[in-house]
Each structure stands twice: as structure tokens, then as C-alpha cells.
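Colleague: To be precise about what I am sending: the file is called work_17.cif and holds mmCIF, C-alpha atoms.
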```cif
data_upload
#
loop_
_atom_site.label_atom_id
_atom_site.label_comp_id
_atom_site.auth_asym_id
_atom_site.auth_seq_id
_atom_site.Cartn_x
_atom_site.Cartn_y
_atom_site.Cartn_z
CA MET T 1 -147.48 2.56 -47.98
CA PRO T 2 -144.09 0.80 -47.80
CA PRO T 3 -141.38 2.50 -49.83
CA THR T 4 -140.53 1.34 -53.33
CA VAL T 5 -136.88 0.31 -53.65
CA ALA T 6 -134.46 0.12 -56.57
CA PHE T 7 -131.32 -2.00 -56.14
CA LEU T 8 -128.44 -1.37 -58.57
CA GLY T 9 -125.49 -3.76 -58.67
CA LEU T 10 -125.91 -7.51 -58.27
CA GLY T 11 -122.38 -8.66 -57.58
CA ALA T 12 -121.32 -11.37 -55.14
CA ILE T 13 -122.60 -9.38 -52.16
CA GLY T 14 -125.27 -7.24 -53.80
CA ALA T 15 -127.18 -10.19 -55.25
CA PRO T 16 -128.00 -11.86 -51.91
CA MET T 17 -128.75 -8.46 -50.35
CA ALA T 18 -131.33 -7.79 -53.05
CA ALA T 19 -132.70 -11.31 -52.67
CA HIS T 20 -133.47 -10.66 -48.98
CA LEU T 21 -135.46 -7.58 -49.96
CA ALA T 22 -137.41 -9.52 -52.58
CA ARG T 23 -138.21 -12.35 -50.17
CA ALA T 24 -139.53 -9.78 -47.68
CA ASP T 25 -142.22 -8.88 -50.23
CA GLN T 26 -140.59 -5.50 -50.66
CA SER T 27 -141.62 -3.57 -53.77
CA LEU T 28 -138.29 -3.97 -55.55
CA THR T 29 -136.82 -3.20 -58.95
CA ILE T 30 -133.33 -4.48 -59.72
CA TRP T 31 -130.70 -3.61 -62.32
CA ASN T 32 -127.25 -4.86 -63.20
CA ARG T 33 -124.85 -3.84 -65.96
CA THR T 34 -124.94 -7.44 -67.15
CA ARG T 35 -128.70 -7.85 -67.56
CA ALA T 36 -128.56 -11.65 -67.72
CA ARG T 37 -127.23 -11.65 -64.16
CA ALA T 38 -130.26 -9.69 -62.99
CA ILE T 39 -132.68 -11.96 -64.85
CA ASP T 40 -131.07 -15.07 -63.34
CA SER T 41 -130.78 -13.63 -59.81
CA ALA T 42 -132.48 -14.97 -56.71
CA ALA T 43 -134.17 -11.58 -56.32
CA ALA T 44 -135.81 -11.91 -59.73
CA ARG T 45 -136.94 -15.43 -58.89
CA ALA T 46 -138.45 -14.08 -55.67
CA GLY T 47 -140.52 -11.52 -57.57
CA ALA T 48 -138.33 -8.46 -58.09
CA THR T 49 -138.86 -6.56 -61.34
CA VAL T 50 -135.86 -6.49 -63.68
CA ALA T 51 -135.42 -3.03 -65.18
CA ALA T 52 -134.27 -2.54 -68.75
CA SER T 53 -132.01 0.35 -67.70
CA ALA T 54 -130.64 1.93 -64.55
CA ALA T 55 -132.77 5.03 -65.19
CA ASP T 56 -135.90 2.90 -65.48
CA ALA T 57 -135.03 1.15 -62.22
CA VAL T 58 -134.91 4.36 -60.18
CA ARG T 59 -137.63 6.39 -61.90
CA HIS T 60 -140.35 5.62 -59.32
CA ALA T 61 -138.20 4.59 -56.35
CA ASP T 62 -138.42 6.09 -52.88
CA ILE T 63 -135.09 4.51 -51.90
CA VAL T 64 -132.25 3.64 -54.28
CA ILE T 65 -129.51 1.27 -53.14
CA THR T 66 -126.23 0.90 -54.99
CA CYS T 67 -123.70 -1.88 -54.40
CA LEU T 68 -120.90 -1.42 -56.94
CA PRO T 69 -117.13 -2.08 -56.96
CA GLN T 70 -116.01 1.50 -56.24
CA SER T 71 -117.16 5.08 -55.85
CA SER T 72 -116.21 6.07 -59.39
CA ASP T 73 -118.73 3.50 -60.64
CA VAL T 74 -121.44 5.18 -58.55
CA ALA T 75 -120.45 8.62 -59.84
CA ASP T 76 -120.55 7.34 -63.43
CA LEU T 77 -123.92 5.72 -62.87
CA LEU T 78 -125.34 9.02 -61.70
CA ALA T 79 -123.72 11.40 -64.17
CA ALA T 80 -122.87 9.50 -67.36
CA ASP T 81 -125.25 10.04 -70.29
CA SER T 82 -125.31 6.28 -70.89
CA TYR T 83 -127.02 5.74 -67.51
CA ALA T 84 -128.66 9.11 -66.72
CA VAL T 85 -129.66 7.99 -63.25
CA GLN T 86 -129.35 11.36 -61.53
CA ASN T 87 -131.91 12.98 -63.82
CA ALA T 88 -134.27 10.02 -63.43
CA LEU T 89 -134.30 10.08 -59.62
CA PRO T 90 -137.61 11.30 -58.18
CA ASP T 91 -137.70 14.44 -56.07
CA GLY T 92 -137.31 13.53 -52.40
CA ALA T 93 -135.78 10.10 -52.97
CA LEU T 94 -133.07 8.70 -50.69
CA PHE T 95 -129.86 7.34 -52.22
CA VAL T 96 -128.17 4.63 -50.13
CA ASP T 97 -124.66 3.72 -51.31
CA CYS T 98 -123.59 0.30 -50.02
CA THR T 99 -120.47 0.39 -52.20
CA SER T 100 -117.14 0.16 -50.37
CA GLY T 101 -116.26 3.64 -51.54
CA ASP T 102 -114.19 6.64 -50.59
CA PRO T 103 -115.39 9.49 -48.33
CA ASP T 104 -114.47 12.38 -50.64
CA THR T 105 -116.45 11.01 -53.58
CA SER T 106 -119.39 10.31 -51.27
CA ARG T 107 -119.46 13.93 -50.14
CA THR T 108 -119.27 15.15 -53.75
CA ILE T 109 -122.14 12.86 -54.77
CA ALA T 110 -124.22 13.90 -51.76
CA ALA T 111 -123.76 17.59 -52.55
CA ALA T 112 -124.84 17.09 -56.16
CA LEU T 113 -127.92 15.11 -55.14
CA ALA T 114 -128.88 17.67 -52.50
CA THR T 115 -129.41 20.28 -55.23
CA ARG T 116 -132.32 18.10 -56.40
CA ASN T 117 -133.74 17.46 -52.93
CA ILE T 118 -132.39 13.89 -52.91
CA GLY T 119 -130.92 12.55 -49.69
CA PHE T 120 -127.76 10.47 -49.43
CA ILE T 121 -126.15 8.10 -46.95
CA ASP T 122 -123.06 5.97 -47.42
CA ALA T 123 -123.75 2.52 -46.02
CA PRO T 124 -120.94 0.06 -46.82
CA VAL T 125 -121.29 -3.43 -45.43
CA SER T 126 -119.01 -5.95 -43.78
CA GLY T 127 -119.51 -9.69 -43.50
CA GLY T 128 -118.71 -10.84 -47.02
CA VAL T 129 -120.74 -13.23 -49.11
CA VAL T 130 -121.49 -15.44 -46.11
CA GLY T 131 -122.92 -12.50 -44.15
CA ALA T 132 -124.89 -11.28 -47.16
CA GLU T 133 -126.43 -14.69 -47.74
CA ALA T 134 -127.27 -15.06 -44.04
CA GLY T 135 -128.69 -11.55 -43.85
CA ASN T 136 -126.49 -10.52 -40.93
CA LEU T 137 -124.17 -7.94 -42.48
CA THR T 138 -122.78 -5.06 -40.45
CA VAL T 139 -123.79 -1.76 -42.07
CA MET T 140 -121.66 1.34 -41.38
CA VAL T 141 -123.66 4.49 -42.09
CA GLY T 142 -122.52 8.03 -42.74
CA GLY T 143 -125.07 10.82 -43.10
CA ALA T 144 -127.99 12.40 -41.31
CA GLU T 145 -129.55 10.27 -38.60
CA SER T 146 -132.99 11.07 -39.98
CA ALA T 147 -131.97 9.63 -43.36
CA LEU T 148 -130.69 6.49 -41.65
CA GLU T 149 -133.98 6.07 -39.80
CA ARG T 150 -135.80 6.34 -43.10
CA ALA T 151 -133.61 3.60 -44.59
CA ARG T 152 -133.34 1.41 -41.48
CA PRO T 153 -136.39 -0.83 -42.15
CA ILE T 154 -134.99 -1.61 -45.61
CA LEU T 155 -131.41 -2.17 -44.39
CA ALA T 156 -132.68 -4.45 -41.62
CA ASN T 157 -133.65 -7.04 -44.22
CA PHE T 158 -129.99 -7.91 -44.82
CA ALA T 159 -128.26 -6.48 -41.72
CA GLY T 160 -127.49 -7.95 -38.33
CA LYS T 161 -126.00 -4.69 -37.06
CA ILE T 162 -126.56 -1.12 -38.27
CA VAL T 163 -124.24 1.57 -36.88
CA HIS T 164 -124.50 5.32 -37.39
CA CYS T 165 -120.83 6.30 -37.73
CA GLY T 166 -121.09 10.05 -38.30
CA ASP T 167 -121.56 12.51 -41.14
CA ILE T 168 -121.50 11.68 -44.85
CA GLY T 169 -118.34 9.75 -45.66
CA ALA T 170 -117.92 8.30 -42.17
CA GLY T 171 -119.25 4.89 -43.19
CA HIS T 172 -116.86 4.66 -46.11
CA ALA T 173 -113.97 5.88 -43.96
CA LEU T 174 -114.57 3.20 -41.34
CA LYS T 175 -115.02 0.45 -43.94
CA ALA T 176 -111.69 1.38 -45.54
CA VAL T 177 -109.91 1.26 -42.18
CA ASN T 178 -111.53 -2.08 -41.35
CA ASN T 179 -110.38 -3.58 -44.62
CA ALA T 180 -106.87 -2.18 -44.26
CA LEU T 181 -106.69 -3.99 -40.92
CA LEU T 182 -107.97 -7.15 -42.60
CA ALA T 183 -105.17 -6.84 -45.16
CA LEU T 184 -102.58 -6.44 -42.42
CA HIS T 185 -103.94 -9.43 -40.50
CA ILE T 186 -103.82 -11.68 -43.56
CA TRP T 187 -100.32 -10.63 -44.54
CA SER T 188 -98.78 -10.63 -41.07
CA THR T 189 -100.32 -14.00 -40.20
CA ALA T 190 -98.89 -15.47 -43.40
CA GLU T 191 -95.43 -14.11 -42.63
CA GLY T 192 -95.62 -15.40 -39.05
CA LEU T 193 -96.71 -18.89 -40.09
CA VAL T 194 -93.98 -19.06 -42.73
CA ALA T 195 -91.37 -18.07 -40.14
CA ALA T 196 -92.70 -20.65 -37.68
CA MET T 197 -92.79 -23.32 -40.39
CA LYS T 198 -89.17 -22.68 -41.31
CA ALA T 199 -88.33 -23.01 -37.60
CA GLY T 200 -89.91 -26.47 -37.57
CA VAL T 201 -93.47 -25.71 -36.38
CA SER T 202 -96.33 -26.94 -38.55
CA PRO T 203 -98.82 -24.24 -39.57
CA ALA T 204 -101.69 -26.16 -37.96
CA VAL T 205 -99.88 -26.31 -34.61
CA ALA T 206 -98.87 -22.67 -34.88
CA LEU T 207 -102.49 -21.62 -35.51
CA ASP T 208 -103.72 -23.76 -32.62
CA VAL T 209 -101.43 -21.86 -30.26
CA ILE T 210 -101.92 -18.40 -31.82
CA ASN T 211 -105.71 -18.77 -31.68
CA ALA T 212 -105.52 -19.46 -27.95
CA SER T 213 -103.15 -16.54 -27.44
CA SER T 214 -102.88 -12.80 -27.95
CA GLY T 215 -101.83 -12.90 -31.62
CA ARG T 216 -105.17 -14.19 -32.87
CA SER T 217 -107.42 -12.40 -35.35
CA ASN T 218 -110.32 -13.26 -37.63
CA ALA T 219 -107.72 -14.17 -40.23
CA SER T 220 -106.01 -16.69 -37.97
CA ILE T 221 -109.22 -18.06 -36.45
CA ASN T 222 -111.28 -18.41 -39.62
CA LEU T 223 -109.55 -17.58 -42.89
CA PHE T 224 -106.33 -19.53 -42.45
CA PRO T 225 -107.79 -22.82 -41.11
CA GLU T 226 -110.69 -22.81 -43.59
CA ARG T 227 -108.91 -21.55 -46.69
CA VAL T 228 -105.13 -21.35 -46.49
CA LEU T 229 -104.35 -24.71 -44.88
CA THR T 230 -106.94 -26.46 -47.05
CA GLY T 231 -106.04 -24.60 -50.24
CA ALA T 232 -109.76 -24.00 -50.85
CA PHE T 233 -109.59 -20.24 -51.52
CA PRO T 234 -113.27 -19.66 -52.41
CA ARG T 235 -113.88 -16.47 -54.38
CA THR T 236 -115.79 -14.38 -51.84
CA PHE T 237 -114.08 -10.98 -52.12
CA ARG T 238 -111.59 -10.05 -54.81
CA LEU T 239 -108.04 -9.09 -53.86
CA ALA T 240 -108.40 -6.16 -56.27
CA LEU T 241 -111.15 -4.73 -54.05
CA LEU T 242 -109.18 -5.23 -50.84
CA ALA T 243 -106.25 -3.42 -52.46
CA LYS T 244 -108.62 -0.60 -53.41
CA ASP T 245 -109.98 -0.31 -49.86
CA ALA T 246 -106.54 -0.36 -48.24
CA GLY T 247 -105.51 2.36 -50.68
CA ILE T 248 -108.50 4.47 -49.62
CA ALA T 249 -107.51 4.13 -45.96
CA ALA T 250 -103.91 5.13 -46.67
CA ALA T 251 -104.93 8.08 -48.85
CA MET T 252 -107.37 9.24 -46.18
CA ALA T 253 -104.62 9.20 -43.54
CA ARG T 254 -102.24 11.10 -45.84
CA GLY T 255 -104.92 13.69 -46.55
CA GLN T 256 -105.27 14.31 -42.82
CA ASN T 257 -101.50 14.95 -42.60
CA GLY T 258 -101.35 11.89 -40.38
CA VAL T 259 -98.43 9.53 -39.91
CA ALA T 260 -99.84 6.09 -40.67
CA PRO T 261 -97.01 3.84 -41.92
CA THR T 262 -98.88 0.58 -41.33
CA LEU T 263 -101.92 1.73 -43.31
CA GLN T 264 -99.59 2.74 -46.12
CA LEU T 265 -97.82 -0.62 -45.84
CA ALA T 266 -101.16 -2.43 -46.12
CA ALA T 267 -101.99 -0.44 -49.26
CA ASP T 268 -98.56 -1.08 -50.81
CA LEU T 269 -98.56 -4.81 -50.06
CA MET T 270 -102.07 -5.35 -51.40
CA ARG T 271 -101.26 -3.32 -54.51
CA ILE T 272 -98.17 -5.48 -55.15
CA ALA T 273 -100.12 -8.69 -54.49
CA HIS T 274 -102.88 -7.59 -56.87
CA ARG T 275 -100.33 -6.77 -59.55
CA GLU T 276 -98.54 -10.11 -59.13
CA LEU T 277 -101.57 -12.38 -58.72
CA GLY T 278 -104.13 -10.78 -61.04
CA ASP T 279 -107.64 -9.35 -61.01
CA ASP T 280 -109.69 -12.46 -60.28
CA VAL T 281 -108.04 -14.00 -57.21
CA ASP T 282 -109.68 -13.94 -53.79
CA HIS T 283 -108.33 -11.55 -51.15
CA VAL T 284 -106.97 -14.37 -48.97
CA GLU T 285 -104.81 -15.51 -51.87
CA ALA T 286 -102.46 -12.64 -51.05
CA VAL T 287 -100.91 -15.37 -48.90
CA ARG T 288 -99.67 -17.00 -52.11
CA LEU T 289 -97.26 -14.12 -52.68
CA VAL T 290 -95.81 -14.45 -49.17
CA GLU T 291 -95.32 -18.17 -49.86
CA ARG T 292 -93.77 -17.48 -53.24
CA TRP T 293 -91.24 -15.08 -51.75
CA ALA T 294 -90.43 -17.57 -48.96
CA GLY T 295 -90.25 -20.61 -51.24
CA VAL T 296 -92.70 -22.63 -49.12
CA GLU T 297 -96.41 -23.49 -49.01
CA LEU T 298 -98.51 -23.47 -45.86
CA ARG T 299 -100.93 -26.09 -47.18
CA SER T 300 -100.71 -29.33 -45.20
#
```
Please express what this file holds, its structure, as C-alpha cells.

Modeller:
Amino acid sequence: MPPTVAFLGLGAIGAPMAAHLARADQSLTIWNRTRARAIDSAAARAGATVAASAADAVRHADIVITCLPQSSDVADLLAADSYAVQNALPDGALFVDCTSGDPDTSRTIAAALATRNIGFIDAPVSGGVVGAEAGNLTVMVGGAESALERARPILANFAGKIVHCGDIGAGHALKAVNNALLALHIWSTAEGLVAAMKAGVSPAVALDVINASSGRSNASINLFPERVLTGAFPRTFRLALLAKDAGIAAAMARGQNGVAPTLQLAADLMRIAHRELGDDVDHVEAVRLVERWAGVELRS
């Protein structure tokens, strides 16, 4: 029999991930803190069962997937009396955390679940809303390879690439580093374009040259032409979450007694941008703070 799956957390990325599972005729129960969002979701329309509580969602699940803003939310979901998920999990279940979380909390959660014979893998995803909707996310997995193989047929419904990164916490570690690099690319590209603009080069011309040269990145190739120059700034990934991820990468490096000034810089800049621009702006809108400080706008 195919495994029964519970999916907890139907945010901008979680909702399309769950919808892919529902469309694959997967036995699926979904839950979200805002129940109306679950009821109105594409997964519910495709046949997923909407649970009245998180505990009800997981009670008969073989595999439980979480996709929440941060690791503390996952820990609360498991331990808080208001959710009581940990006690509701069946013996022998597998817990798959697709949250962009932190390695230390993942290891703590995994150890607690292991006392009840419940497996754990951290499996954060990259690709954003576009990748989630297309079903071609990259999934970075930390944990036992046998646990990954158990989850792989389920993950394959929304993944284009699944990579076993190492032990528990490795997936979250790599995701944090990836997003710290994203933060640096966005910020440094903005500073470079502002400098070029003040020297008389239009941002469009500068990007045309940079994207055919060694300074290019995903930010310069995709994010800046599609969002910054047009001023579109769709809300695909909140700046608050990018700041959180960059902070995780910097804290991880500090905890290893490593010297990582650029990771710390990424964390500091994203924290400042989040503070100045607010909770609801998209991550690419960090560019607005660079523009504000320079007194120019890159929009054509």
C-alpha cells in the first residue's frame, strides 16, 4: 500500500508542494494554522482531506511533511500543548521537515522523535514559488540514507533534484549557506549597478555586459531584469525569511570557530534591510535600501 501523508504548512511554497501530492492521487491530509487557507487550497480542491487540527492530520500518517517559516515553529508544533503533534505521531512514522531551518534545532527534534521510534530528515527546498508550482524544486536532505529512500517517492512529486547532503542538519546547513549567497548576490549586484549608473552607465546596459561576463549570477541574470528594472517585485519569498536564513549561516560559521566575514555581512545587511523595509516585502526588495542610501533608483 502507498504511504499515507500529512502535510503541515500551506504557505507560498508549501501550498503548491501539497497540491502536487494531491494531484498524484496520494493519500493526503493537510493542515494549516489558518484553516481557511487549507480549505481554499489547490490540494483540497484536488482531493486532499483538510484536518481540523495538526494532531488529527498526523494521527494515521506514515510520512509527515512540515513546511513552516522557521525551526522554532516546527519545535512548537511538535511540543506545544496547543498542537500536541509529537504525541499524536504513529510509531514508526517518518518526519520530513521541508522548513528552511537551522541544523541544531533539527538535531534536537530528531533526537526527541527517535525516543518514540519516529524517523527524521531535514529536507529544505530551493526554487521558490516558481519551482514549487512547476514541481522542480531542489531538495537538500540531511539524515539517514534509508530514511531518504523511504521518502523519495513522495518528494519526487514536487522535486526536480533530490540530493543527500549528509547527516541530520546537513540539508538545513546547505540551504542556509545557499540563501546567504543569494543575499550577497542581490546586495552586491545592486551596489555595482548603482555605482555604474552614477558613472553614466544605464542599469540595462550594465546587466547586459555583466551577464555575458564573469560577474554574473542568478540575481543579475534573472532577478534584476525581471523584477528590479521593471519594479515588479512579486512577493515570492519574504525578506524576513532571507534575513533569517543568512543569520543561520553566519551563526553556524561562528559556532564552528570559523572566520566568515562575508556570511556575517550578509546576515547583518539582510537584518538591517528587514528592519528598515518591514516584514512583508519580497527578498529582492532589499535593493530598495541600497537605492535609498545612494539617492537613485535603478528602475528604467

Colleague: Which residues fall under the PyMOL selection byres ((chain T and resi 2) around 10) in this file, as number ranges by chain?

Modeller: T: 1, 3-5, 26-27, 62, 153-154

Colleague: Which one of T:Asn87, T:Thr105, T:Thr29, T:Asn179 sits closest to T:Gly127 if you count all atoms listed in the file?

Modeller: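 Nearest to T:Gly127: T:Asn179.
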
Colleague: Find, counting all atoms listed in the file, the residue in T:Ala266, T:Asp97, T:Val290, T:Pro69 that gets nearest to T:Ala240.

Modeller: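 Going through T:Ala266, T:Asp97, T:Val290, T:Pro69 one by one, the smallest distance to T:Ala240 is for T:Pro69.
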
Colleague: Using the chain letters and numbers from this file, what does the PyMOL selection byres ((chain T and resi 228-230) around 9) select? Give the answer as a list in words.

Modeller: Pro203, Ala204, Leu223, Phe224, Pro225, Glu226, Arg227, Gly231, Ala232, Phe233, Val284, Glu285, Val287, Arg288, Leu298, Arg299 and Ser300 of chain T

Colleague: Taking the file as shown, find all residues satisfying the PyMOL selection byres ((chain T and resi 169) around 8) and write them as a ChimeraX atom specification.

Modeller: /T:102-104,106-107,122,142-143,166-168,170-173

Colleague: Taking only C-alpha atoms into account, name the residue in T:Cys165, T:Ala253, T:Leu21, T:Pro124 that is nearest to T:Ala144.

Modeller: T:Cys165

Colleague: Considering only C-alpha atoms, can you say which of T:Arg150, T:Arg116, T:Arg238, T:Lys244 comes closest to T:Ala286?

Modeller: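 For T:Ala286, the nearest of the given residues is T:Arg238.
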
Colleague: I'd like the neighbourhood of T:Gly14 as an MDAnalysis selection string, where a residue qualifies if any of its atoms comes within 10 Å (using all atoms listed in the file), though same-chain residues fewer than 3 positions away should be ignored.

Modeller: chainID T and resid 7:11 17:19 32 65:68 98:99 129 132:133

Colleague: In Å to one decimal, how far is atom CA of T:His274 from atom CA of T:Ala38?

Modeller: 28.1 Å
